[in-house]
Amino acid sequence: MSALNLLDPGVLRLLAAAAVLLMYAALCGFIYRAERSKQQKSEQDAAALGATAEGVTPILVAFASQTGFAEQLAWQSACLLHTAGVPVRVLPLGELSLDELARTERALFIVSTYGEGDAPDNGARFAQQAMAADAKLPQLHHAVLALGDRSYANFCGFGRRLDAWLQARGAGALFERIELDNEDAAALTAWQHQVAHLAGTTDLPDWQAPAFEDWQLIERRVLNAGSVGAPVCHLTLAPAAGAALPQWEAGDLVQVRAPGDPARPREYTIASVPADGHLHLLVRQERHADGSLGCASGWLTEQALIGDIVPLRLRAHSSFHIGANAARPLVLIGNGTGFAGLRSHLKMRAAAASRSPAWLLFGERQSAHDRHFGDEIDGWLAHGVLAHADLVFSRDQAQRLYVQHRVLAHAQRLREWVAEGAAIYVCGSLEGMASGVDAALAEVLGVNELALLADAGRYRRDVY
């Protein structure tokens with residue numbers, strides 16, 4: 001048998017392909033080990049909080065969180081109790097069964113409201129199933145911290161509905177429901193005092209959110225000049241005064257404090273990854289009926305000058321992180337400025353050279369003007385980061401077509417991708433797009449299957 005010629009072009013191609021496969025396998029193994037390590041750490045933390053003397057029942061701390069703030073407050077509440085020697089069990093509301101709740105004596109519910117009164121995704125299963133049951137909970141004593149935003153008509157709608165349901169089932173109150181408008185310090189302090197009273201301590205840890213930091217507007221460009229829609233601006237920002245660029249994960253958010261409205265920060269999904277060297281945002285300009293600009297969007301898209309300081313702070317958005325889905329196929333669905341969250345995930349996947357396929361379904365108004373980052377999409381297709389890119393533009397034909405129609409048109413492919421382990425990420429407007437996509441997914445996959453995907457972390461949404 002002749003010796004293998006290592007200089008032969010065919011052999012070189014085989015060796016190169018083998019090297020790529022080995023690198024990809026190593027990457028997948030690294031991601032799996034990292035995610036498993038984080039999962040084991042969470043399990044260990046939860047076990048440590050729940051460690052208790054025989055016969056002592058832990059206090060249940062259940063949370064329903066969309067952007068992560070309610071989850072953060074749940075763990076902070078649990079740690080306050082645990083530090084004082086009170087055993088605690090923490091879990092998402094969607095993982096709480098009615099049978100388990102019927103055995104619980106004391107529970108704290110920390111829940112946000114999504115849209116106009118809905119439960120967050122990780123509380124939807126409980127809201128749809130458990131709260132539809134005629135359960136009896138006379139042994140339960142509970143308290144509710146309801147998170148909301150008074151700019152919505154149904155302020156704290158889900159928290160109020162949950163509290164009313166618990167009372168109707170016979171549960172008693174540990175103390176009256178507390179409602180938190182955004183990050184109202186007085187309401188947060190009131191909750192701390194009540195939890196500290198349960199713990200038998202007067203020590204109150206610092207739960208205040210991180211301070212806003214100075215960032216500088218480096219660049220701003222309009223992505224959709226000539227569109228029938230409002231201007232969409234791509235903003236580039238960097239830490240001011242030469243400060244180091246902080247780290248964040250794809251899917252995270254920023255809060256921006258506009259000069260004209262310092263008391264109510266606005267949240268935007270980050271459209272870049274730290275490796276880009278800058279923080280990118282996509283902001284659509286809002287204009288009120290009287291012609292005036294929206295306070296934050298108007299400032300960011302028009303009034304702020306290049307070089308101006310933008311007060312900003314990062315916020316982790318764990319429910320939209322890639323998490324254990326790093327090696328899975330991804331179905332990325334969105335519209336408008338929701339491309340920001342999808343772009344960050346695609347950038348992360350491209351940098352990791354992942355060979356798991358990704359499929360983009362994206363909707364906007366006009367292909368001639370609203371094909372945001374079209375060159376990037378073409379590049380991701382050419383290099384195999386994207387297996388498919390289905391773009392739909394509602395105004396390009398007489399019949400209005402939206403991204404949910406494209407989901408229905410590709411029903412068979414979607415079922416095949418999910419059967420092969422794909423995770424679905426949705427980013428964009430809650431009204432219209434997200435509700436339409438949710439209904440389309442439920443029609444294609446089935447309501448129960450979609451709920452199971454959400455429970456498994458394979459259906460994640462960042463919608464506003």
# chains A, B, ... in the order shown; residues from 1 in each chain; ligands from 1
$ select_by_dssp --residues "segment 235-405 of chain A" --states "strand (DSSP E)" --output "PyMOL selection string"
chain A and resi 235-239+253-256+266-269+279-284+309-315+330-335+358-364+388-393
$ write_last_selection --atoms "N, CA and C atoms" --output "CSV table (one decimal), in the first residue's frame"
chain,number,residue,atom,x,y,z
A,235,LEU,N,-27.8,53.1,16.1
A,235,LEU,CA,-27.0,53.9,17.0
A,235,LEU,C,-25.7,53.1,17.4
A,236,THR,N,-24.6,53.7,17.5
A,236,THR,CA,-23.4,53.1,18.0
A,236,THR,C,-22.9,53.9,19.2
A,237,LEU,N,-22.7,53.2,20.3
A,237,LEU,CA,-22.3,53.9,21.5
A,237,LEU,C,-21.0,53.2,22.1
A,238,ALA,N,-20.2,54.0,22.9
A,238,ALA,CA,-19.1,53.5,23.5
A,238,ALA,C,-19.0,54.1,24.9
A,239,PRO,N,-18.4,53.4,25.9
A,239,PRO,CA,-18.3,54.0,27.2
A,239,PRO,C,-17.5,55.3,27.1
A,253,LEU,N,-30.4,43.6,27.5
A,253,LEU,CA,-31.1,44.9,27.2
A,253,LEU,C,-30.2,46.0,27.8
A,254,VAL,N,-30.6,47.3,27.4
A,254,VAL,CA,-30.0,48.5,28.1
A,254,VAL,C,-31.2,49.3,28.5
A,255,GLN,N,-31.0,50.1,29.5
A,255,GLN,CA,-32.0,51.1,29.9
A,255,GLN,C,-31.3,52.5,29.7
A,256,VAL,N,-32.1,53.3,29.0
A,256,VAL,CA,-31.6,54.7,28.6
A,256,VAL,C,-32.4,55.7,29.4
A,266,ARG,N,-36.1,54.1,29.5
A,266,ARG,CA,-36.6,53.2,28.4
A,266,ARG,C,-35.7,52.1,28.1
A,267,GLU,N,-36.3,50.9,27.8
A,267,GLU,CA,-35.4,49.7,27.5
A,267,GLU,C,-35.4,49.4,26.0
A,268,TYR,N,-34.1,49.0,25.6
A,268,TYR,CA,-33.9,48.6,24.2
A,268,TYR,C,-33.0,47.4,24.2
A,269,THR,N,-33.3,46.5,23.3
A,269,THR,CA,-32.5,45.3,23.1
A,269,THR,C,-31.2,45.6,22.4
A,279,LEU,N,-21.5,49.2,21.5
A,279,LEU,CA,-22.8,48.8,21.8
A,279,LEU,C,-23.7,49.4,20.7
A,280,HIS,N,-24.5,48.5,20.1
A,280,HIS,CA,-25.4,49.0,19.0
A,280,HIS,C,-26.9,48.9,19.4
A,281,LEU,N,-27.7,49.9,19.0
A,281,LEU,CA,-29.1,49.8,19.3
A,281,LEU,C,-29.8,50.1,18.0
A,282,LEU,N,-31.0,49.6,17.9
A,282,LEU,CA,-32.0,49.9,16.8
A,282,LEU,C,-33.2,50.6,17.4
A,283,VAL,N,-33.4,51.9,17.1
A,283,VAL,CA,-34.5,52.7,17.7
A,283,VAL,C,-35.3,53.2,16.6
A,284,ARG,N,-36.7,53.0,16.7
A,284,ARG,CA,-37.6,53.6,15.8
A,284,ARG,C,-38.1,54.9,16.4
A,309,ILE,N,-23.4,62.7,25.6
A,309,ILE,CA,-23.4,61.7,26.6
A,309,ILE,C,-24.8,61.1,26.7
A,310,VAL,N,-24.9,59.8,26.7
A,310,VAL,CA,-26.2,59.0,26.9
A,310,VAL,C,-26.1,58.2,28.2
A,311,PRO,N,-26.9,58.6,29.2
A,311,PRO,CA,-26.9,57.8,30.5
A,311,PRO,C,-27.5,56.4,30.2
A,312,LEU,N,-26.8,55.4,30.5
A,312,LEU,CA,-27.2,54.1,30.1
A,312,LEU,C,-26.7,53.1,31.1
A,313,ARG,N,-27.5,52.0,31.3
A,313,ARG,CA,-27.0,50.9,32.1
A,313,ARG,C,-27.5,49.6,31.5
A,314,LEU,N,-26.7,48.5,31.6
A,314,LEU,CA,-27.0,47.2,31.1
A,314,LEU,C,-28.0,46.5,32.0
A,315,ARG,N,-28.8,45.7,31.4
A,315,ARG,CA,-29.7,44.8,32.1
A,315,ARG,C,-29.7,43.4,31.5
A,330,LEU,N,-31.6,27.0,15.3
A,330,LEU,CA,-32.4,28.2,15.8
A,330,LEU,C,-33.4,28.7,14.8
A,331,VAL,N,-34.6,28.9,15.2
A,331,VAL,CA,-35.6,29.6,14.3
A,331,VAL,C,-35.8,31.0,14.9
A,332,LEU,N,-35.4,32.0,14.2
A,332,LEU,CA,-35.4,33.4,14.7
A,332,LEU,C,-36.4,34.2,14.0
A,333,ILE,N,-37.4,34.7,14.7
A,333,ILE,CA,-38.6,35.3,14.1
A,333,ILE,C,-38.7,36.7,14.7
A,334,GLY,N,-39.0,37.7,13.8
A,334,GLY,CA,-39.1,39.1,14.4
A,334,GLY,C,-39.6,40.0,13.3
A,335,ASN,N,-39.8,41.3,13.8
A,335,ASN,CA,-40.1,42.4,12.9
A,335,ASN,C,-39.6,43.7,13.4
A,358,ALA,N,-29.4,27.9,11.3
A,358,ALA,CA,-30.3,28.9,11.8
A,358,ALA,C,-31.2,29.4,10.6
A,359,TRP,N,-32.4,29.8,11.0
A,359,TRP,CA,-33.5,30.1,10.0
A,359,TRP,C,-34.1,31.4,10.5
A,360,LEU,N,-34.0,32.5,9.6
A,360,LEU,CA,-34.5,33.8,9.9
A,360,LEU,C,-35.8,34.0,9.2
A,361,LEU,N,-36.9,34.4,10.0
A,361,LEU,CA,-38.1,34.9,9.4
A,361,LEU,C,-38.3,36.3,9.9
A,362,PHE,N,-38.4,37.3,9.0
A,362,PHE,CA,-38.4,38.7,9.5
A,362,PHE,C,-39.3,39.5,8.6
A,363,GLY,N,-40.1,40.4,9.3
A,363,GLY,CA,-41.1,41.2,8.6
A,363,GLY,C,-40.8,42.7,8.7
A,364,GLU,N,-41.1,43.4,7.7
A,364,GLU,CA,-41.0,44.9,7.7
A,364,GLU,C,-42.0,45.4,6.6
A,388,HIS,N,-31.7,29.5,5.9
A,388,HIS,CA,-32.8,30.1,5.2
A,388,HIS,C,-33.0,31.5,5.8
A,389,ALA,N,-33.4,32.4,4.9
A,389,ALA,CA,-33.8,33.8,5.3
A,389,ALA,C,-35.1,34.1,4.6
A,390,ASP,N,-36.2,34.1,5.3
A,390,ASP,CA,-37.5,34.4,4.7
A,390,ASP,C,-37.9,35.8,5.2
A,391,LEU,N,-37.9,36.7,4.2
A,391,LEU,CA,-38.2,38.1,4.5
A,391,LEU,C,-39.6,38.4,3.9
A,392,VAL,N,-40.4,39.0,4.7
A,392,VAL,CA,-41.7,39.4,4.2
A,392,VAL,C,-42.0,40.9,4.4
A,393,PHE,N,-42.5,41.6,3.4
A,393,PHE,CA,-42.7,43.0,3.4
A,393,PHE,C,-44.1,43.3,3.2
$ select_by_dssp --residues "segment 123-196 of chain A" --states "alpha helix (DSSP H)" --output "PyMOL selection string"
chain A and resi 123-128+157-168+185-196
$ closest_residue --among "A:Val86, A:Leu81, A:Thr67, A:Ala62" --to "Thr104 of chain A" --atoms "only C-alpha atoms"
A:Ala62
$ atom_distance --atom1 "atom CA of Gly229 of chain A" --atom2 "atom CA of Gly336 of chain A"
9.8 Å
$ closest_atom_pairs --of "segment 97-142 of chain A" --to "segment 177-198 of chain A" --cutoff "10 Å" --atoms "only C-alpha atoms" --output "tab-separated table"
residue	atom	partner	partner_atom	distance
A:Leu108	CA	A:Val195	CA	9.0
A:Phe109	CA	A:Arg177	CA	9.7
A:Ile110	CA	A:Ile178	CA	9.7
A:Val111	CA	A:Glu179	CA	10.0
A:Ser112	CA	A:Leu180	CA	9.1
A:His142	CA	A:Arg177	CA	9.3
$ closest_residue --among "A:Gly457, A:Gly294, A:Pro259, A:Pro246" --to "Asp276 of chain A" --atoms "only C-alpha atoms"
A:Pro246
$ closest_residue --among "A:Gln216, A:Gly68, A:Ala422, A:Val88" --to "Ala324 of chain A" --atoms "only C-alpha atoms"
A:Ala422
$ residues_around --residues "Ala102 of chain A" --least-positions-apart "6" --cutoff "8 Å" --atoms "only C-alpha atoms" --output "PyMOL selection string"
chain A and resi 136-137+139-140
$ write_last_selection --atoms "N, CA and C atoms" --output "PDB file, in the first residue's frame"
ATOM      1  N   LYS A 136     -58.769  24.405  46.118  1.00  0.00           N
ATOM      2  CA  LYS A 136     -58.977  24.903  47.479  1.00  0.00           C
ATOM      3  C   LYS A 136     -57.603  25.018  48.140  1.00  0.00           C
ATOM      4  N   LEU A 137     -57.300  26.212  48.652  1.00  0.00           N
ATOM      5  CA  LEU A 137     -55.981  26.455  49.246  1.00  0.00           C
ATOM      6  C   LEU A 137     -56.108  27.093  50.632  1.00  0.00           C
ATOM      7  N   GLN A 139     -54.892  26.232  53.438  1.00  0.00           N
ATOM      8  CA  GLN A 139     -53.681  26.140  54.272  1.00  0.00           C
ATOM      9  C   GLN A 139     -52.633  27.175  53.898  1.00  0.00           C
ATOM     10  N   LEU A 140     -52.807  27.843  52.736  1.00  0.00           N
ATOM     11  CA  LEU A 140     -51.771  28.714  52.184  1.00  0.00           C
ATOM     12  C   LEU A 140     -51.882  30.136  52.712  1.00  0.00           C
TER      13      LEU A 140
END
$ closest_residue --among "A:Glu249, A:Asp370, A:Asp206, A:Asp308" --to "Ala271 of chain A" --atoms "only C-alpha atoms"
A:Glu249
$ residues_around --residues "Gly260 of chain A" --least-positions-apart "3" --cutoff "9 Å" --atoms "only C-alpha atoms" --output "count of residues only"
4
$ atom_distance --atom1 "atom CA of Asp99 of chain A" --atom2 "atom CA of Ala168 of chain A"
17.0 Å
$ residues_around --residues "Leu73 of chain A" --least-positions-apart "3" --cutoff "9 Å" --atoms "only C-alpha atoms" --output "list in words"
Phe63, Gly68, Phe69, Ala70, Gln76, Ser77, Ala78, Ile110 and Trp207 of chain A
$ write_last_selection --atoms "N, CA and C atoms" --output "compact mmCIF listing (two decimals), in the first residue's frame"
# COMPACT_ATOMS: atom_id res chain seq x y z
N PHE A 63 -41.67 33.01 40.90
CA PHE A 63 -41.57 34.23 40.10
C PHE A 63 -42.06 33.98 38.68
N GLY A 68 -36.39 39.54 33.39
CA GLY A 68 -35.43 39.10 34.39
C GLY A 68 -35.47 39.86 35.70
N PHE A 69 -36.18 41.00 35.76
CA PHE A 69 -36.17 41.79 36.99
C PHE A 69 -36.93 41.08 38.11
N ALA A 70 -38.09 40.49 37.80
CA ALA A 70 -38.84 39.77 38.82
C ALA A 70 -38.04 38.56 39.33
N GLN A 76 -33.20 37.66 45.36
CA GLN A 76 -32.79 38.56 46.44
C GLN A 76 -33.66 38.35 47.68
N SER A 77 -34.96 38.15 47.48
CA SER A 77 -35.86 37.88 48.60
C SER A 77 -35.51 36.55 49.26
N ALA A 78 -35.23 35.55 48.43
CA ALA A 78 -34.87 34.24 48.96
C ALA A 78 -33.59 34.30 49.77
N ILE A 110 -43.67 36.76 43.11
CA ILE A 110 -43.08 37.98 42.55
C ILE A 110 -43.28 37.88 41.04
N TRP A 207 -30.70 46.57 47.49
CA TRP A 207 -31.26 45.98 46.28
C TRP A 207 -31.35 46.99 45.14
$ closest_residue --among "A:Leu441, A:Leu217, A:Leu101, A:Val61" --to "Glu302 of chain A" --atoms "only C-alpha atoms"
A:Leu217
$ atom_distance --atom1 "atom CA of Thr337 of chain A" --atom2 "atom CA of Cys427 of chain A"
8.4 Å
$ closest_residue --among "A:Val273, A:Ile424, A:Leu430, A:Ala199" --to "Leu453 of chain A" --atoms "only C-alpha atoms"
A:Ile424
$ residues_around --residues "Ala351 of chain A" --least-positions-apart "4" --cutoff "10 Å" --atoms "only C-alpha atoms" --output "short mmCIF file (atom, residue, chain, number, x, y, z; two decimals) with C-alpha atoms, in the first residue's frame"
data_model
loop_
_atom_site.label_atom_id
_atom_site.label_comp_id
_atom_site.auth_asym_id
_atom_site.auth_seq_id
_atom_site.Cartn_x
_atom_site.Cartn_y
_atom_site.Cartn_z
CA VAL A 273 -22.00 41.54 20.93
CA ALA A 275 -16.60 41.47 20.24
CA HIS A 345 -27.75 35.96 18.39
CA LEU A 346 -26.68 35.58 14.76
CA LYS A 347 -23.48 37.51 15.45
CA VAL A 385 -24.65 30.83 9.37
#
$ decode --residues "segment 336-376 of chain A" --atoms "N, CA and C atoms" --output "PDB file, in the first residue's frame"
ATOM      1  N   GLY A 336     -39.441  44.636  12.469  1.00  0.00           N
ATOM      2  CA  GLY A 336     -39.019  45.982  12.821  1.00  0.00           C
ATOM      3  C   GLY A 336     -37.712  46.023  13.583  1.00  0.00           C
ATOM      4  N   THR A 337     -37.697  46.831  14.656  1.00  0.00           N
ATOM      5  CA  THR A 337     -36.491  46.961  15.469  1.00  0.00           C
ATOM      6  C   THR A 337     -36.212  45.701  16.285  1.00  0.00           C
ATOM      7  N   GLY A 338     -37.130  44.746  16.248  1.00  0.00           N
ATOM      8  CA  GLY A 338     -36.863  43.450  16.878  1.00  0.00           C
ATOM      9  C   GLY A 338     -35.709  42.715  16.230  1.00  0.00           C
ATOM     10  N   PHE A 339     -35.264  43.187  15.062  1.00  0.00           N
ATOM     11  CA  PHE A 339     -34.088  42.572  14.448  1.00  0.00           C
ATOM     12  C   PHE A 339     -32.866  42.696  15.359  1.00  0.00           C
ATOM     13  N   ALA A 340     -32.897  43.657  16.297  1.00  0.00           N
ATOM     14  CA  ALA A 340     -31.757  43.853  17.202  1.00  0.00           C
ATOM     15  C   ALA A 340     -31.420  42.570  17.953  1.00  0.00           C
ATOM     16  N   GLY A 341     -32.408  41.975  18.603  1.00  0.00           N
ATOM     17  CA  GLY A 341     -32.155  40.768  19.376  1.00  0.00           C
ATOM     18  C   GLY A 341     -31.764  39.586  18.516  1.00  0.00           C
ATOM     19  N   LEU A 342     -32.350  39.492  17.323  1.00  0.00           N
ATOM     20  CA  LEU A 342     -32.004  38.403  16.405  1.00  0.00           C
ATOM     21  C   LEU A 342     -30.581  38.585  15.881  1.00  0.00           C
ATOM     22  N   ARG A 343     -30.217  39.842  15.588  1.00  0.00           N
ATOM     23  CA  ARG A 343     -28.874  40.133  15.087  1.00  0.00           C
ATOM     24  C   ARG A 343     -27.803  39.746  16.103  1.00  0.00           C
ATOM     25  N   SER A 344     -28.047  40.033  17.372  1.00  0.00           N
ATOM     26  CA  SER A 344     -27.037  39.695  18.383  1.00  0.00           C
ATOM     27  C   SER A 344     -26.817  38.190  18.464  1.00  0.00           C
ATOM     28  N   HIS A 345     -27.897  37.415  18.353  1.00  0.00           N
ATOM     29  CA  HIS A 345     -27.746  35.956  18.389  1.00  0.00           C
ATOM     30  C   HIS A 345     -27.044  35.435  17.139  1.00  0.00           C
ATOM     31  N   LEU A 346     -27.352  36.013  15.985  1.00  0.00           N
ATOM     32  CA  LEU A 346     -26.679  35.584  14.764  1.00  0.00           C
ATOM     33  C   LEU A 346     -25.203  35.958  14.781  1.00  0.00           C
ATOM     34  N   LYS A 347     -24.883  37.124  15.328  1.00  0.00           N
ATOM     35  CA  LYS A 347     -23.477  37.511  15.448  1.00  0.00           C
ATOM     36  C   LYS A 347     -22.728  36.550  16.365  1.00  0.00           C
ATOM     37  N   MET A 348     -23.343  36.169  17.471  1.00  0.00           N
ATOM     38  CA  MET A 348     -22.695  35.240  18.393  1.00  0.00           C
ATOM     39  C   MET A 348     -22.488  33.880  17.726  1.00  0.00           C
ATOM     40  N   ARG A 349     -23.499  33.446  16.985  1.00  0.00           N
ATOM     41  CA  ARG A 349     -23.380  32.146  16.312  1.00  0.00           C
ATOM     42  C   ARG A 349     -22.320  32.190  15.218  1.00  0.00           C
ATOM     43  N   ALA A 350     -22.259  33.304  14.472  1.00  0.00           N
ATOM     44  CA  ALA A 350     -21.254  33.426  13.420  1.00  0.00           C
ATOM     45  C   ALA A 350     -19.846  33.424  13.994  1.00  0.00           C
ATOM     46  N   ALA A 351     -19.652  34.117  15.121  1.00  0.00           N
ATOM     47  CA  ALA A 351     -18.330  34.184  15.738  1.00  0.00           C
ATOM     48  C   ALA A 351     -17.898  32.832  16.282  1.00  0.00           C
ATOM     49  N   ALA A 352     -18.861  32.028  16.725  1.00  0.00           N
ATOM     50  CA  ALA A 352     -18.544  30.713  17.273  1.00  0.00           C
ATOM     51  C   ALA A 352     -18.369  29.657  16.194  1.00  0.00           C
ATOM     52  N   ALA A 353     -18.614  30.029  14.930  1.00  0.00           N
ATOM     53  CA  ALA A 353     -18.501  29.100  13.795  1.00  0.00           C
ATOM     54  C   ALA A 353     -19.370  27.869  13.986  1.00  0.00           C
ATOM     55  N   SER A 354     -20.530  28.057  14.619  1.00  0.00           N
ATOM     56  CA  SER A 354     -21.432  26.934  14.846  1.00  0.00           C
ATOM     57  C   SER A 354     -21.991  26.424  13.535  1.00  0.00           C
ATOM     58  N   ARG A 355     -22.052  25.096  13.384  1.00  0.00           N
ATOM     59  CA  ARG A 355     -22.624  24.517  12.185  1.00  0.00           C
ATOM     60  C   ARG A 355     -24.090  24.118  12.377  1.00  0.00           C
ATOM     61  N   SER A 356     -24.646  24.359  13.573  1.00  0.00           N
ATOM     62  CA  SER A 356     -26.073  24.129  13.739  1.00  0.00           C
ATOM     63  C   SER A 356     -26.812  25.170  12.909  1.00  0.00           C
ATOM     64  N   PRO A 357     -27.782  24.762  12.121  1.00  0.00           N
ATOM     65  CA  PRO A 357     -28.415  25.714  11.197  1.00  0.00           C
ATOM     66  C   PRO A 357     -29.270  26.745  11.912  1.00  0.00           C
ATOM     67  N   ALA A 358     -29.425  27.893  11.294  1.00  0.00           N
ATOM     68  CA  ALA A 358     -30.320  28.939  11.780  1.00  0.00           C
ATOM     69  C   ALA A 358     -31.231  29.357  10.634  1.00  0.00           C
ATOM     70  N   TRP A 359     -32.440  29.755  10.989  1.00  0.00           N
ATOM     71  CA  TRP A 359     -33.452  30.129  10.007  1.00  0.00           C
ATOM     72  C   TRP A 359     -34.068  31.439  10.470  1.00  0.00           C
ATOM     73  N   LEU A 360     -33.981  32.453   9.629  1.00  0.00           N
ATOM     74  CA  LEU A 360     -34.502  33.780   9.939  1.00  0.00           C
ATOM     75  C   LEU A 360     -35.817  34.022   9.211  1.00  0.00           C
ATOM     76  N   LEU A 361     -36.854  34.429   9.975  1.00  0.00           N
ATOM     77  CA  LEU A 361     -38.121  34.891   9.403  1.00  0.00           C
ATOM     78  C   LEU A 361     -38.343  36.304   9.928  1.00  0.00           C
ATOM     79  N   PHE A 362     -38.357  37.271   9.012  1.00  0.00           N
ATOM     80  CA  PHE A 362     -38.366  38.665   9.451  1.00  0.00           C
ATOM     81  C   PHE A 362     -39.338  39.479   8.606  1.00  0.00           C
ATOM     82  N   GLY A 363     -40.086  40.371   9.264  1.00  0.00           N
ATOM     83  CA  GLY A 363     -41.070  41.181   8.570  1.00  0.00           C
ATOM     84  C   GLY A 363     -40.836  42.670   8.740  1.00  0.00           C
ATOM     85  N   GLU A 364     -41.062  43.407   7.651  1.00  0.00           N
ATOM     86  CA  GLU A 364     -41.008  44.874   7.682  1.00  0.00           C
ATOM     87  C   GLU A 364     -41.990  45.407   6.641  1.00  0.00           C
ATOM     88  N   ARG A 365     -41.857  46.687   6.271  1.00  0.00           N
ATOM     89  CA  ARG A 365     -42.844  47.306   5.382  1.00  0.00           C
ATOM     90  C   ARG A 365     -42.507  47.173   3.894  1.00  0.00           C
ATOM     91  N   GLN A 366     -41.363  47.707   3.466  1.00  0.00           N
ATOM     92  CA  GLN A 366     -41.039  47.765   2.040  1.00  0.00           C
ATOM     93  C   GLN A 366     -39.630  47.218   1.799  1.00  0.00           C
ATOM     94  N   SER A 367     -39.513  46.299   0.859  1.00  0.00           N
ATOM     95  CA  SER A 367     -38.203  45.699   0.605  1.00  0.00           C
ATOM     96  C   SER A 367     -37.205  46.728   0.086  1.00  0.00           C
ATOM     97  N   ALA A 368     -37.682  47.748  -0.604  1.00  0.00           N
ATOM     98  CA  ALA A 368     -36.772  48.746  -1.171  1.00  0.00           C
ATOM     99  C   ALA A 368     -36.139  49.631  -0.101  1.00  0.00           C
ATOM    100  N   HIS A 369     -36.765  49.712   1.078  1.00  0.00           N
ATOM    101  CA  HIS A 369     -36.288  50.655   2.087  1.00  0.00           C
ATOM    102  C   HIS A 369     -36.047  50.027   3.462  1.00  0.00           C
ATOM    103  N   ASP A 370     -36.684  48.895   3.746  1.00  0.00           N
ATOM    104  CA  ASP A 370     -36.693  48.366   5.122  1.00  0.00           C
ATOM    105  C   ASP A 370     -35.974  47.030   5.262  1.00  0.00           C
ATOM    106  N   ARG A 371     -35.052  46.754   4.375  1.00  0.00           N
ATOM    107  CA  ARG A 371     -34.286  45.495   4.474  1.00  0.00           C
ATOM    108  C   ARG A 371     -33.068  45.754   5.354  1.00  0.00           C
ATOM    109  N   HIS A 372     -33.329  45.890   6.656  1.00  0.00           N
ATOM    110  CA  HIS A 372     -32.276  46.256   7.596  1.00  0.00           C
ATOM    111  C   HIS A 372     -31.130  45.239   7.560  1.00  0.00           C
ATOM    112  N   PHE A 373     -29.895  45.758   7.472  1.00  0.00           N
ATOM    113  CA  PHE A 373     -28.691  44.930   7.494  1.00  0.00           C
ATOM    114  C   PHE A 373     -28.745  43.832   6.428  1.00  0.00           C
ATOM    115  N   GLY A 374     -29.243  44.209   5.238  1.00  0.00           N
ATOM    116  CA  GLY A 374     -29.364  43.229   4.160  1.00  0.00           C
ATOM    117  C   GLY A 374     -28.035  42.606   3.779  1.00  0.00           C
ATOM    118  N   ASP A 375     -26.947  43.396   3.789  1.00  0.00           N
ATOM    119  CA  ASP A 375     -25.626  42.850   3.444  1.00  0.00           C
ATOM    120  C   ASP A 375     -25.190  41.789   4.457  1.00  0.00           C
ATOM    121  N   GLU A 376     -25.502  42.027   5.722  1.00  0.00           N
ATOM    122  CA  GLU A 376     -25.152  41.036   6.745  1.00  0.00           C
ATOM    123  C   GLU A 376     -25.946  39.749   6.539  1.00  0.00           C
TER     124      GLU A 376
END
